[in-house]
$ cat protein.tsv   # TSV, C-alpha atoms
chain	number	residue	atom	x	y	z
A	205	MET	CA	-12.05	5.69	17.42
A	206	ALA	CA	-14.11	8.16	15.42
A	207	ALA	CA	-15.21	7.15	11.95
A	208	THR	CA	-13.56	9.07	9.17
A	209	ALA	CA	-15.98	10.79	6.82
A	210	THR	CA	-15.59	9.88	3.18
A	211	VAL	CA	-15.01	12.93	1.02
A	212	GLY	CA	-16.47	12.69	-2.49
A	213	PRO	CA	-14.88	14.06	-5.67
A	214	ARG	CA	-14.70	17.83	-5.92
A	215	SER	CA	-14.97	19.93	-9.06
A	216	TRP	CA	-11.87	21.81	-10.25
A	217	ASN	CA	-11.43	24.46	-12.94
A	218	TYR	CA	-8.07	24.19	-14.67
A	219	THR	CA	-5.96	26.07	-17.20
A	220	SER	CA	-3.22	24.11	-18.97
A	221	ARG	CA	-1.12	24.01	-22.11
A	222	ASP	CA	-0.80	21.16	-24.60
A	223	VAL	CA	2.39	20.02	-26.37
A	224	ARG	CA	1.94	22.78	-28.97
A	225	GLY	CA	1.65	25.45	-26.29
A	226	LYS	CA	-2.07	26.01	-26.85
A	227	LEU	CA	-3.92	27.25	-23.76
A	228	ILE	CA	-6.77	24.95	-22.71
A	229	LYS	CA	-9.39	25.52	-20.03
A	230	GLY	CA	-11.73	22.91	-18.59
A	231	LYS	CA	-13.20	21.25	-15.54
A	232	LEU	CA	-12.38	17.94	-13.83
A	233	GLU	CA	-13.68	16.05	-10.82
A	234	ALA	CA	-11.04	14.73	-8.42
A	235	GLN	CA	-10.38	14.21	-4.72
A	236	SER	CA	-7.59	16.81	-4.50
A	237	GLU	CA	-5.54	19.33	-6.43
A	238	SER	CA	-2.64	16.89	-6.73
A	239	ALA	CA	-5.00	14.35	-8.30
A	240	VAL	CA	-5.98	16.96	-10.89
A	241	VAL	CA	-2.30	17.61	-11.65
A	242	ASP	CA	-1.68	13.87	-12.13
A	243	ARG	CA	-4.73	13.56	-14.35
A	244	LEU	CA	-3.70	16.51	-16.55
A	245	ARG	CA	-0.14	15.23	-16.91
A	246	GLY	CA	-1.56	11.85	-17.85
A	247	LEU	CA	-3.47	13.59	-20.64
A	248	GLY	CA	-0.28	15.22	-21.88
A	249	LEU	CA	-1.14	18.66	-20.52
A	250	ALA	CA	1.02	21.04	-18.51
A	251	PRO	CA	-0.99	22.59	-15.62
A	252	VAL	CA	-0.93	26.39	-15.48
A	253	ALA	CA	-3.63	27.16	-12.90
A	254	ILE	CA	-6.00	25.00	-10.86
A	255	GLN	CA	-8.86	26.32	-8.75
A	256	GLU	CA	-11.65	24.52	-6.97
A	257	SER	CA	-15.09	25.25	-8.42
A	258	VAL	CA	-17.30	26.35	-5.54
A	259	ALA	CA	-21.05	26.23	-6.09
A	260	GLY	CA	-23.60	28.21	-4.17
A	261	THR	CA	-26.36	26.70	-2.13
A	262	GLY	CA	-30.00	26.03	-2.80
A	263	LEU	CA	-31.28	27.45	-6.09
A	264	GLN	CA	-27.84	28.77	-7.05
A	265	ARG	CA	-26.32	25.30	-6.91
A	266	GLU	CA	-29.14	23.79	-8.93
A	267	ILE	CA	-29.01	26.43	-11.64
A	268	SER	CA	-25.26	26.38	-12.08
A	269	PHE	CA	-24.90	22.61	-12.23
A	270	GLY	CA	-27.45	21.03	-14.44
A	271	SER	CA	-30.63	22.90	-14.89
A	272	PHE	CA	-29.20	25.26	-17.51
A	273	ALA	CA	-26.57	22.90	-18.90
A	274	LYS	CA	-27.11	22.32	-22.59
A	275	GLY	CA	-25.75	19.65	-24.85
A	276	VAL	CA	-24.30	20.12	-28.31
A	277	ASP	CA	-26.58	20.74	-31.28
A	278	LEU	CA	-27.61	17.52	-33.05
A	279	LYS	CA	-26.61	18.92	-36.43
A	280	ALA	CA	-23.07	19.53	-35.19
A	281	LEU	CA	-22.89	16.01	-33.74
A	282	SER	CA	-24.14	14.49	-37.01
A	283	ILE	CA	-21.49	16.38	-39.03
A	284	VAL	CA	-18.70	15.27	-36.67
A	285	SER	CA	-19.91	11.65	-36.72
A	286	ARG	CA	-20.07	11.66	-40.53
A	287	GLN	CA	-16.59	13.15	-40.82
A	288	LEU	CA	-15.13	10.60	-38.40
A	289	ALA	CA	-16.81	7.73	-40.24
A	290	THR	CA	-15.42	8.95	-43.57
A	291	MET	CA	-11.88	9.36	-42.23
A	292	VAL	CA	-11.85	6.02	-40.41
A	293	GLY	CA	-13.24	4.35	-43.55
A	294	ALA	CA	-10.45	5.98	-45.59
A	295	GLY	CA	-7.82	4.31	-43.40
A	296	LEU	CA	-6.93	7.07	-40.96
A	297	THR	CA	-6.42	6.10	-37.36
A	298	LEU	CA	-9.13	7.17	-34.93
A	299	LEU	CA	-6.68	9.42	-33.08
A	300	LYS	CA	-5.66	11.22	-36.30
A	301	ALA	CA	-9.32	11.58	-37.36
A	302	LEU	CA	-10.26	13.00	-33.96
A	303	SER	CA	-7.40	15.48	-34.10
A	304	ILE	CA	-8.43	16.72	-37.57
A	305	VAL	CA	-12.13	16.99	-36.70
A	306	SER	CA	-11.33	18.73	-33.42
A	307	ASP	CA	-9.32	21.39	-35.26
A	308	GLN	CA	-11.93	21.90	-38.00
A	309	THR	CA	-15.11	21.97	-35.89
A	310	GLU	CA	-16.71	25.43	-35.81
A	311	ASN	CA	-18.90	24.78	-32.74
A	312	LYS	CA	-16.82	26.21	-29.86
A	313	LYS	CA	-18.22	23.93	-27.15
A	314	LEU	CA	-17.86	20.80	-29.28
A	315	LYS	CA	-14.35	21.84	-30.34
A	316	ASP	CA	-13.20	22.12	-26.73
A	317	VAL	CA	-14.70	18.83	-25.60
A	318	LEU	CA	-13.34	17.00	-28.66
A	319	ALA	CA	-9.87	18.27	-27.79
A	320	VAL	CA	-10.21	16.70	-24.34
A	321	VAL	CA	-11.61	13.46	-25.83
A	322	THR	CA	-8.67	13.30	-28.25
A	323	ARG	CA	-6.18	13.52	-25.39
A	324	GLU	CA	-8.02	10.86	-23.40
A	325	VAL	CA	-7.92	8.50	-26.39
A	326	GLU	CA	-4.23	9.36	-26.89
A	327	THR	CA	-3.44	8.18	-23.35
A	328	GLY	CA	-4.91	4.76	-24.10
A	329	GLY	CA	-8.60	5.10	-23.25
A	330	SER	CA	-11.33	3.88	-25.57
A	331	PHE	CA	-13.34	6.32	-27.66
A	332	SER	CA	-16.64	5.40	-26.02
A	333	GLU	CA	-15.19	5.74	-22.51
A	334	ALA	CA	-13.85	9.18	-23.39
A	335	LEU	CA	-17.26	10.24	-24.71
A	336	ALA	CA	-18.99	8.83	-21.62
A	337	ARG	CA	-17.01	11.26	-19.43
A	338	HIS	CA	-18.97	14.09	-21.13
A	339	PRO	CA	-22.64	13.03	-20.82
A	340	VAL	CA	-23.96	16.57	-21.28
A	341	GLU	CA	-22.38	16.96	-24.72
A	342	PHE	CA	-22.76	13.39	-26.03
A	343	PRO	CA	-26.12	11.56	-25.80
A	344	PRO	CA	-26.27	7.99	-24.40
A	345	LEU	CA	-27.37	6.76	-27.83
A	346	MET	CA	-24.12	7.89	-29.43
A	347	ILE	CA	-21.94	6.56	-26.61
A	348	ASN	CA	-23.50	3.10	-26.60
A	349	MET	CA	-23.56	2.71	-30.39
A	350	ILE	CA	-19.87	3.62	-30.60
A	351	LYS	CA	-19.13	1.26	-27.72
A	352	ALA	CA	-20.85	-1.57	-29.62
A	353	GLY	CA	-18.96	-0.62	-32.80
A	354	GLU	CA	-15.63	-0.76	-30.96
A	355	ALA	CA	-16.46	-4.15	-29.45
A	356	GLY	CA	-17.67	-5.59	-32.77
A	357	GLY	CA	-14.95	-4.08	-34.95
A	358	PHE	CA	-17.32	-1.94	-37.04
A	359	LEU	CA	-16.63	1.54	-35.70
A	360	GLU	CA	-17.09	3.12	-39.14
A	361	GLY	CA	-20.57	1.60	-39.48
A	362	ALA	CA	-21.51	2.69	-35.97
A	363	LEU	CA	-20.41	6.27	-36.68
A	364	ASP	CA	-22.37	6.24	-39.95
A	365	ALA	CA	-25.46	5.01	-38.09
A	366	VAL	CA	-25.06	7.73	-35.45
A	367	ALA	CA	-24.72	10.39	-38.16
A	368	ALA	CA	-27.79	9.15	-40.05
A	369	ASN	CA	-29.82	9.01	-36.84
A	370	PHE	CA	-28.88	12.53	-35.77
A	371	GLU	CA	-29.50	13.91	-39.27
A	372	LYS	CA	-33.06	12.59	-39.26
A	373	GLU	CA	-33.60	13.82	-35.71
A	374	ALA	CA	-32.30	17.29	-36.61
A	375	LYS	CA	-34.54	17.37	-39.71
A	376	LEU	CA	-37.57	16.42	-37.61
A	377	LYS	CA	-36.84	19.15	-35.06
A	378	ALA	CA	-36.36	21.71	-37.83
A	379	GLU	CA	-39.74	20.84	-39.36
A	380	ILE	CA	-41.52	21.19	-36.04
A	381	LYS	CA	-39.73	24.45	-35.25
A	382	SER	CA	-40.61	25.84	-38.66
A	383	ALA	CA	-44.27	24.91	-38.23
A	384	MET	CA	-44.49	26.55	-34.80
A	385	THR	CA	-42.57	29.74	-35.60
A	386	TYR	CA	-45.43	31.50	-37.42
A	387	PRO	CA	-48.16	31.01	-34.79
A	388	VAL	CA	-45.79	31.86	-31.92
A	389	VAL	CA	-44.69	35.10	-33.60
A	390	VAL	CA	-48.24	36.10	-34.50
A	391	LEU	CA	-49.58	35.36	-31.01
A	392	SER	CA	-46.71	37.26	-29.40
A	393	MET	CA	-47.27	40.31	-31.60
A	394	SER	CA	-51.02	40.20	-31.03
A	395	GLY	CA	-50.49	39.97	-27.27
A	396	VAL	CA	-48.26	43.04	-27.39
A	397	GLY	CA	-50.89	44.84	-29.48
A	398	VAL	CA	-53.66	44.04	-26.99
A	399	LEU	CA	-51.50	45.25	-24.07
A	400	VAL	CA	-50.71	48.50	-25.89
A	401	MET	CA	-54.41	49.12	-26.52
A	402	LEU	CA	-55.36	48.37	-22.91
A	403	ILE	CA	-52.57	50.49	-21.40
A	404	PHE	CA	-52.47	53.49	-23.78
A	405	ILE	CA	-55.56	53.61	-26.04
A	406	VAL	CA	-58.41	52.64	-23.72
A	407	PRO	CA	-57.53	55.32	-21.08
A	408	ILE	CA	-57.91	58.02	-23.77
A	409	PHE	CA	-61.40	56.80	-24.59
A	410	LYS	CA	-62.14	56.44	-20.86
A	411	ASN	CA	-61.40	60.15	-20.25
A	412	MET	CA	-63.60	61.06	-23.18
A	413	PHE	CA	-66.44	58.87	-21.89
A	414	SER	CA	-66.22	60.30	-18.36
A	415	SER	CA	-66.69	63.84	-19.73
A	416	LEU	CA	-69.93	62.73	-21.38
A	417	GLY	CA	-71.41	61.69	-18.03
A	418	SER	CA	-73.54	58.85	-19.39
A	419	ALA	CA	-73.47	55.20	-18.29
A	420	LEU	CA	-71.19	52.97	-20.34
A	421	PRO	CA	-72.44	49.83	-22.13
A	422	ALA	CA	-71.45	46.58	-20.40
A	423	PRO	CA	-68.73	45.55	-22.97
A	424	THR	CA	-67.12	49.00	-22.75
A	425	GLN	CA	-67.25	48.99	-18.96
A	426	ILE	CA	-65.55	45.58	-18.86
A	427	LEU	CA	-62.81	46.85	-21.18
A	428	VAL	CA	-62.31	50.00	-19.08
A	429	THR	CA	-62.15	47.94	-15.86
A	430	ILE	CA	-59.51	45.64	-17.37
A	431	SER	CA	-57.53	48.69	-18.52
A	432	GLU	CA	-57.66	50.27	-15.05
A	433	ASN	CA	-56.29	47.08	-13.50
A	434	MET	CA	-53.50	46.72	-16.06
A	435	VAL	CA	-51.35	49.11	-13.99
A	436	TRP	CA	-50.69	46.29	-11.52
A	437	ALA	CA	-51.87	43.30	-13.58
A	438	ALA	CA	-49.39	43.76	-16.46
A	439	PRO	CA	-46.23	43.85	-14.27
A	440	THR	CA	-47.58	40.97	-12.19
A	441	LEU	CA	-48.30	38.97	-15.35
A	442	ILE	CA	-44.84	39.63	-16.80
A	443	ILE	CA	-43.10	38.75	-13.53
A	444	GLY	CA	-45.26	35.63	-13.23
A	445	ILE	CA	-44.37	34.53	-16.77
A	446	PHE	CA	-40.63	34.96	-16.18
A	447	ALA	CA	-40.88	33.22	-12.78
A	448	PHE	CA	-42.72	30.29	-14.36
A	449	MET	CA	-40.14	30.09	-17.18
A	450	ALA	CA	-37.32	29.98	-14.63
A	451	TRP	CA	-39.12	27.34	-12.56
A	452	TRP	CA	-39.95	25.33	-15.67
A	453	ARG	CA	-36.37	25.37	-16.90
A	454	VAL	CA	-35.18	24.03	-13.56
A	455	ASN	CA	-37.89	21.40	-13.02
A	456	LYS	CA	-39.06	20.32	-16.48
A	457	HIS	CA	-36.78	17.26	-16.53
A	458	THR	CA	-37.77	15.94	-13.09
A	459	ASP	CA	-39.95	12.82	-12.92
A	460	ARG	CA	-42.43	14.65	-10.70
A	461	VAL	CA	-43.18	17.19	-13.42
A	462	ARG	CA	-42.80	14.90	-16.44
A	463	SER	CA	-45.18	12.29	-14.99
A	464	VAL	CA	-47.90	14.95	-14.96
A	465	VAL	CA	-47.10	17.01	-18.07
A	466	ASP	CA	-46.06	14.34	-20.60
A	467	PRO	CA	-49.28	12.27	-20.39
A	468	LEU	CA	-51.24	15.49	-20.94
A	469	LYS	CA	-49.13	16.35	-23.99
A	470	ILE	CA	-50.20	13.30	-25.95
A	471	LYS	CA	-53.86	13.79	-24.95
A	472	LEU	CA	-54.19	17.33	-26.30
A	473	PRO	CA	-57.01	17.65	-28.88
A	474	VAL	CA	-54.96	18.78	-31.90
A	475	PHE	CA	-51.28	18.57	-30.94
A	476	GLY	CA	-51.50	15.35	-28.88
A	477	PRO	CA	-51.48	12.93	-31.86
A	478	LEU	CA	-48.58	14.87	-33.40
A	479	MET	CA	-46.51	14.64	-30.19
A	480	ASN	CA	-47.27	10.93	-29.93
A	481	LYS	CA	-46.12	10.35	-33.51
A	482	ILE	CA	-42.91	12.28	-32.86
A	483	ALA	CA	-42.16	10.18	-29.77
A	484	VAL	CA	-42.92	6.90	-31.55
A	485	ALA	CA	-40.79	7.89	-34.57
A	486	ARG	CA	-37.87	8.76	-32.29
A	487	PHE	CA	-38.30	5.53	-30.28
A	488	THR	CA	-38.41	3.19	-33.29
A	489	ARG	CA	-35.58	4.95	-35.16
A	490	ASN	CA	-33.24	4.90	-32.16
A	491	LEU	CA	-34.09	1.28	-31.34
A	492	ALA	CA	-33.43	0.22	-34.94
A	493	SER	CA	-30.07	2.02	-34.95
A	494	MET	CA	-28.97	0.50	-31.64
A	495	LEU	CA	-30.00	-3.05	-32.56
A	496	ALA	CA	-28.22	-2.70	-35.92
A	497	ALA	CA	-25.10	-1.56	-34.05
A	498	GLY	CA	-25.18	-4.69	-31.90
A	499	VAL	CA	-26.27	-3.15	-28.61
A	500	PRO	CA	-28.00	-5.76	-26.37
A	501	ILE	CA	-31.76	-5.44	-26.66
A	502	VAL	CA	-32.45	-4.76	-22.96
A	503	SER	CA	-29.84	-2.01	-22.82
A	504	ALA	CA	-31.13	-0.60	-26.11
A	505	LEU	CA	-34.70	-0.45	-24.81
A	506	LEU	CA	-33.66	1.40	-21.66
A	507	ILE	CA	-31.58	3.91	-23.62
A	508	VAL	CA	-34.18	4.65	-26.34
A	509	GLY	CA	-36.80	5.12	-23.64
A	510	GLU	CA	-34.74	7.98	-22.24
A	511	THR	CA	-34.25	9.51	-25.70
A	512	ALA	CA	-37.92	9.27	-26.77
A	513	GLY	CA	-38.64	12.63	-25.16
A	514	ASN	CA	-41.79	11.57	-23.34
A	515	TRP	CA	-42.19	10.12	-19.84
A	516	VAL	CA	-44.99	7.79	-20.97
A	517	LEU	CA	-42.79	6.12	-23.59
A	518	GLU	CA	-39.86	6.01	-21.19
A	519	LYS	CA	-41.98	4.16	-18.61
A	520	ALA	CA	-43.35	1.84	-21.31
A	521	SER	CA	-39.83	1.13	-22.55
A	522	LYS	CA	-38.71	0.16	-19.05
A	523	ASN	CA	-41.68	-2.20	-18.73
A	524	ILE	CA	-40.85	-3.81	-22.08
A	525	ALA	CA	-37.16	-4.13	-21.13
A	526	GLU	CA	-38.13	-5.88	-17.89
A	527	ALA	CA	-40.43	-8.25	-19.79
A	528	VAL	CA	-37.67	-9.09	-22.30
A	529	ARG	CA	-35.26	-9.66	-19.41
A	530	GLN	CA	-37.72	-12.25	-18.10
A	531	GLY	CA	-37.69	-14.09	-21.43
A	532	ARG	CA	-40.66	-12.61	-23.30
A	533	THR	CA	-40.61	-11.29	-26.86
A	534	ILE	CA	-40.75	-7.55	-27.61
A	535	SER	CA	-44.06	-7.53	-29.48
A	536	ALA	CA	-46.15	-9.01	-26.65
A	537	PRO	CA	-45.33	-6.42	-23.93
A	538	LEU	CA	-45.26	-3.72	-26.64
A	539	ALA	CA	-48.91	-4.48	-27.43
A	540	GLU	CA	-49.80	-4.07	-23.74
A	541	GLU	CA	-48.62	-0.44	-23.76
A	542	ASN	CA	-51.39	1.82	-25.06
A	543	VAL	CA	-48.98	4.50	-26.21
A	544	PHE	CA	-47.85	2.41	-29.21
A	545	PRO	CA	-50.25	2.24	-32.21
A	546	PRO	CA	-51.27	-1.26	-33.42
A	547	MET	CA	-49.19	-0.81	-36.57
A	548	VAL	CA	-46.00	-0.62	-34.50
A	549	THR	CA	-46.71	-3.82	-32.57
A	550	GLN	CA	-47.70	-5.65	-35.76
A	551	MET	CA	-44.55	-4.60	-37.62
A	552	VAL	CA	-42.38	-5.56	-34.64
A	553	ALA	CA	-44.08	-8.97	-34.47
A	554	VAL	CA	-43.39	-9.51	-38.20
A	555	GLY	CA	-39.79	-8.42	-37.66
A	556	GLU	CA	-39.36	-10.94	-34.83
A	557	ASP	CA	-40.81	-13.77	-36.91
A	558	SER	CA	-38.73	-12.96	-40.00
A	559	GLY	CA	-35.53	-12.01	-38.17
A	560	SER	CA	-35.54	-8.51	-39.64
A	561	MET	CA	-36.36	-6.44	-36.57
A	562	GLU	CA	-34.05	-3.54	-37.49
A	563	THR	CA	-35.53	-3.27	-41.00
A	564	MET	CA	-39.11	-3.25	-39.72
A	565	LEU	CA	-38.35	-0.66	-37.04
A	566	SER	CA	-36.65	1.54	-39.65
A	567	LYS	CA	-39.72	1.30	-41.88
A	568	VAL	CA	-41.97	2.25	-38.96
A	569	ALA	CA	-39.72	5.23	-38.16
A	570	ASP	CA	-39.77	6.37	-41.81
A	571	PHE	CA	-43.56	6.05	-41.88
A	572	TYR	CA	-44.03	8.14	-38.77
A	573	ASP	CA	-41.46	10.68	-39.97
A	574	SER	CA	-43.59	11.22	-43.08
A	575	GLU	CA	-46.72	11.33	-40.90
A	576	VAL	CA	-45.18	14.01	-38.71
A	577	GLU	CA	-44.18	16.03	-41.76
A	578	ALA	CA	-47.69	15.80	-43.25
A	579	THR	CA	-49.34	16.60	-39.91
A	580	THR	CA	-47.17	19.66	-39.28
A	581	LYS	CA	-47.97	21.01	-42.76
A	582	ALA	CA	-51.68	20.40	-42.21
A	583	LEU	CA	-51.54	22.10	-38.80
A	584	THR	CA	-49.75	25.08	-40.29
A	585	SER	CA	-52.43	25.43	-42.94
A	586	LEU	CA	-55.14	25.11	-40.27
A	587	ILE	CA	-53.54	27.44	-37.73
A	588	GLU	CA	-53.15	30.41	-40.09
A	589	PRO	CA	-56.90	31.03	-40.72
A	590	LEU	CA	-57.71	30.20	-37.08
A	591	LEU	CA	-55.21	32.80	-35.85
A	592	ILE	CA	-56.62	35.41	-38.23
A	593	ALA	CA	-60.14	34.65	-37.02
A	594	VAL	CA	-59.16	34.80	-33.33
A	595	LEU	CA	-57.23	38.04	-33.77
A	596	GLY	CA	-60.12	39.53	-35.72
A	597	VAL	CA	-62.55	38.67	-32.93
A	598	VAL	CA	-60.28	40.00	-30.15
A	599	ILE	CA	-59.10	43.22	-31.81
A	600	GLY	CA	-62.42	43.83	-33.56
A	601	GLY	CA	-64.32	43.21	-30.32
A	602	MET	CA	-62.17	45.73	-28.47
A	603	ILE	CA	-62.71	48.38	-31.16
A	604	VAL	CA	-66.48	47.81	-31.20
A	605	ALA	CA	-66.59	48.01	-27.38
A	606	LEU	CA	-64.72	51.34	-27.50
A	607	TYR	CA	-67.08	52.85	-30.05
A	608	MET	CA	-70.31	51.55	-28.54
A	609	PRO	CA	-70.77	54.66	-26.27
A	610	ILE	CA	-70.27	56.91	-29.26
A	611	PHE	CA	-72.91	54.99	-31.21
A	612	SER	CA	-75.26	55.23	-28.21
A	613	ILE	CA	-74.77	59.00	-27.91
A	614	SER	CA	-75.30	59.48	-31.65
A	615	GLN	CA	-78.47	57.42	-31.47
A	616	ALA	CA	-79.70	59.48	-28.47
A	617	VAL	CA	-79.01	62.76	-30.31
A	618	GLN	CA	-80.89	61.54	-33.34
A	619	ASN	CA	-83.83	60.50	-31.18
A	620	GLN	CA	-83.91	63.93	-29.50
A	621	GLY	CA	-83.78	65.71	-32.84
A	622	GLY	CA	-86.56	63.50	-34.17
A	623	GLY	CA	-88.72	64.20	-31.08
A	624	GLN	CA	-88.40	67.95	-31.59

$ encode --input "protein.tsv" --output "structure tokens"
Amino acid sequence: MAATATVGPRSWNYTSRDVRGKLIKGKLEAQSESAVVDRLRGLGLAPVAIQESVAGTGLQREISFGSFAKGVDLKALSIVSRQLATMVGAGLTLLKALSIVSDQTENKKLKDVLAVVTREVETGGSFSEALARHPVEFPPLMINMIKAGEAGGFLEGALDAVAANFEKEAKLKAEIKSAMTYPVVVLSMSGVGVLVMLIFIVPIFKNMFSSLGSALPAPTQILVTISENMVWAAPTLIIGIFAFMAWWRVNKHTDRVRSVVDPLKIKLPVFGPLMNKIAVARFTRNLASMLAAGVPIVSALLIVGETAGNWVLEKASKNIAEAVRQGRTISAPLAEENVFPPMVTQMVAVGEDSGSMETMLSKVADFYDSEVEATTKALTSLIEPLLIAVLGVVIGGMIVALYMPIFSISQAVQNQGGGQ
């Protein structure tokens, strides 16, 4: 008798209406169309149209299913968490609070997913389980903290902790983005300016030089040669940049790439220490929040490792979690990982001895938050004059190279006139 192949869940796009007649679109994974119908009816929805989502093959499949999928903005998540905490604290049921927040949320993607979560909670599922069905929109940190709050009976406190955590994370990202905006814009504009000079300005001077018939100085000849090759080099460079960006977007989250790139990030001469501080601040803040919410320490370590944003810290966090699982304290294996500064291990050791681990981790996170803020301001102040100097050298050097033949001809004419 031939073995029957096991068919895995398939992805289905659906259109349905809720009890108020509102049209809702979404996607579910199920074995068959009838299973989708049963699932939608269980959520209180009336199916209108159901169609299997068919992915392409190869690169198409990868791009459409995960490489370009984006979660919800942290600021939006922090606002929703804060609103839910306030409403639950005021005595509203979770279902009522979810319904109100879902209707009031301005973020379209978050609004849609909250509507689905509300229906899943309405059918008897737990809040954390409903969130866990949408891992792209809701980070593991949020899911596990809410799960611990449900189990411990302090959902309001867990939601408050999630909101505070995401607010600090959003503030940190905003500071870094603000610090990097100026140099990125200036470098981009200067790059465009250099390309314009090489493609349009240098050829004009080249034609003028060729009519003079004299040999060009070495700097001018180099500039002319670069300009001549820009006809094929510029399109190749642009295509190469876009190809790399596409490849990077697809592969940047793979272990193969992260294991090479992330260690280099924290070893960069100027930006390396900043990136390390950002990762440590994120690690300690998330760990403090999860321990305060009652999440088991091993699970918390594994989750915060994934949210630290650096492969080195993620690997270190897994090593520490394994050591704790074997009965060791946190501070000892933490000290063995070179990525954590001595201050972190010392504060954690004090927290273990005094029984105030969450407080110590929060203090470490606050310290490194202030360090990141000070470092980004210092880098901004340092980058501005450096950019001006670099641009002056590049643009000024190109102008001098273009005028060098003219200076040479003028000098030759003066010498001839003096000889006569």

$ residues_around --input "protein.tsv" --residues "Val406 (chain A)" --least-positions-apart "5" --cutoff "8 Å" --atoms "only C-alpha atoms" --output "PyMOL selection string"
chain A and resi 401+427-428+431+606

$ closest_residue --input "protein.tsv" --among "A:Lys377, A:Glu575, A:Ile592, A:Ala368" --to "Val390 (chain A)" --atoms "only C-alpha atoms"
A:Ile592

$ residues_around --input "protein.tsv" --residues "region 494-509 of chain A" --least-positions-apart "4" --cutoff "8 Å" --atoms "all atoms listed in the file" --output "PDB file with C-alpha atoms, in the frame of the given file"
ATOM      1  CA  PRO A 344     -26.270   7.990 -24.400  1.00  0.00           C
ATOM      2  CA  LEU A 345     -27.370   6.760 -27.830  1.00  0.00           C
ATOM      3  CA  ASN A 348     -23.500   3.100 -26.600  1.00  0.00           C
ATOM      4  CA  MET A 349     -23.560   2.710 -30.390  1.00  0.00           C
ATOM      5  CA  ALA A 352     -20.850  -1.570 -29.620  1.00  0.00           C
ATOM      6  CA  GLY A 353     -18.960  -0.620 -32.800  1.00  0.00           C
ATOM      7  CA  GLY A 356     -17.670  -5.590 -32.770  1.00  0.00           C
ATOM      8  CA  GLY A 361     -20.570   1.600 -39.480  1.00  0.00           C
ATOM      9  CA  ALA A 362     -21.510   2.690 -35.970  1.00  0.00           C
ATOM     10  CA  ALA A 365     -25.460   5.010 -38.090  1.00  0.00           C
ATOM     11  CA  PHE A 487     -38.300   5.530 -30.280  1.00  0.00           C
ATOM     12  CA  ASN A 490     -33.240   4.900 -32.160  1.00  0.00           C
ATOM     13  CA  GLY A 513     -38.640  12.630 -25.160  1.00  0.00           C
ATOM     14  CA  LEU A 517     -42.790   6.120 -23.590  1.00  0.00           C
ATOM     15  CA  GLU A 518     -39.860   6.010 -21.190  1.00  0.00           C
ATOM     16  CA  LYS A 519     -41.980   4.160 -18.610  1.00  0.00           C
ATOM     17  CA  ALA A 520     -43.350   1.840 -21.310  1.00  0.00           C
ATOM     18  CA  SER A 521     -39.830   1.130 -22.550  1.00  0.00           C
ATOM     19  CA  LYS A 522     -38.710   0.160 -19.050  1.00  0.00           C
ATOM     20  CA  ILE A 524     -40.850  -3.810 -22.080  1.00  0.00           C
ATOM     21  CA  ALA A 525     -37.160  -4.130 -21.130  1.00  0.00           C
ATOM     22  CA  GLU A 526     -38.130  -5.880 -17.890  1.00  0.00           C
ATOM     23  CA  VAL A 528     -37.670  -9.090 -22.300  1.00  0.00           C
ATOM     24  CA  ARG A 529     -35.260  -9.660 -19.410  1.00  0.00           C
ATOM     25  CA  GLU A 562     -34.050  -3.540 -37.490  1.00  0.00           C
TER      26      GLU A 562
END

$ residues_around --input "protein.tsv" --residues "region 288-297 of chain A" --least-positions-apart "6" --cutoff "7 Å" --atoms "only C-alpha atoms" --output "NGL selection string"
:A and (360 or 363-364)

$ write_last_selection --input "protein.tsv" --atoms "C-alpha atoms" --output "PDB file, keeping the file's coordinate frame"
ATOM      1  CA  GLU A 360     -17.090   3.120 -39.140  1.00  0.00           C
ATOM      2  CA  LEU A 363     -20.410   6.270 -36.680  1.00  0.00           C
ATOM      3  CA  ASP A 364     -22.370   6.240 -39.950  1.00  0.00           C
TER       4      ASP A 364
END

$ residues_around --input "protein.tsv" --residues "Tyr386 (chain A)" --least-positions-apart "2" --cutoff "12 Å" --atoms "all atoms listed in the file" --output "VMD selection string"
chain A and resid 380 to 384 388 to 393 583 to 589 591 to 592

$ write_last_selection --input "protein.tsv" --atoms "C-alpha atoms" --output "mmCIF file, in the frame of the given file"
data_model
loop_
_atom_site.group_PDB
_atom_site.id
_atom_site.type_symbol
_atom_site.label_atom_id
_atom_site.label_comp_id
_atom_site.auth_asym_id
_atom_site.auth_seq_id
_atom_site.Cartn_x
_atom_site.Cartn_y
_atom_site.Cartn_z
ATOM 1 C CA ILE A 380 -41.520 21.190 -36.040
ATOM 2 C CA LYS A 381 -39.730 24.450 -35.250
ATOM 3 C CA SER A 382 -40.610 25.840 -38.660
ATOM 4 C CA ALA A 383 -44.270 24.910 -38.230
ATOM 5 C CA MET A 384 -44.490 26.550 -34.800
ATOM 6 C CA VAL A 388 -45.790 31.860 -31.920
ATOM 7 C CA VAL A 389 -44.690 35.100 -33.600
ATOM 8 C CA VAL A 390 -48.240 36.100 -34.500
ATOM 9 C CA LEU A 391 -49.580 35.360 -31.010
ATOM 10 C CA SER A 392 -46.710 37.260 -29.400
ATOM 11 C CA MET A 393 -47.270 40.310 -31.600
ATOM 12 C CA LEU A 583 -51.540 22.100 -38.800
ATOM 13 C CA THR A 584 -49.750 25.080 -40.290
ATOM 14 C CA SER A 585 -52.430 25.430 -42.940
ATOM 15 C CA LEU A 586 -55.140 25.110 -40.270
ATOM 16 C CA ILE A 587 -53.540 27.440 -37.730
ATOM 17 C CA GLU A 588 -53.150 30.410 -40.090
ATOM 18 C CA PRO A 589 -56.900 31.030 -40.720
ATOM 19 C CA LEU A 591 -55.210 32.800 -35.850
ATOM 20 C CA ILE A 592 -56.620 35.410 -38.230
#
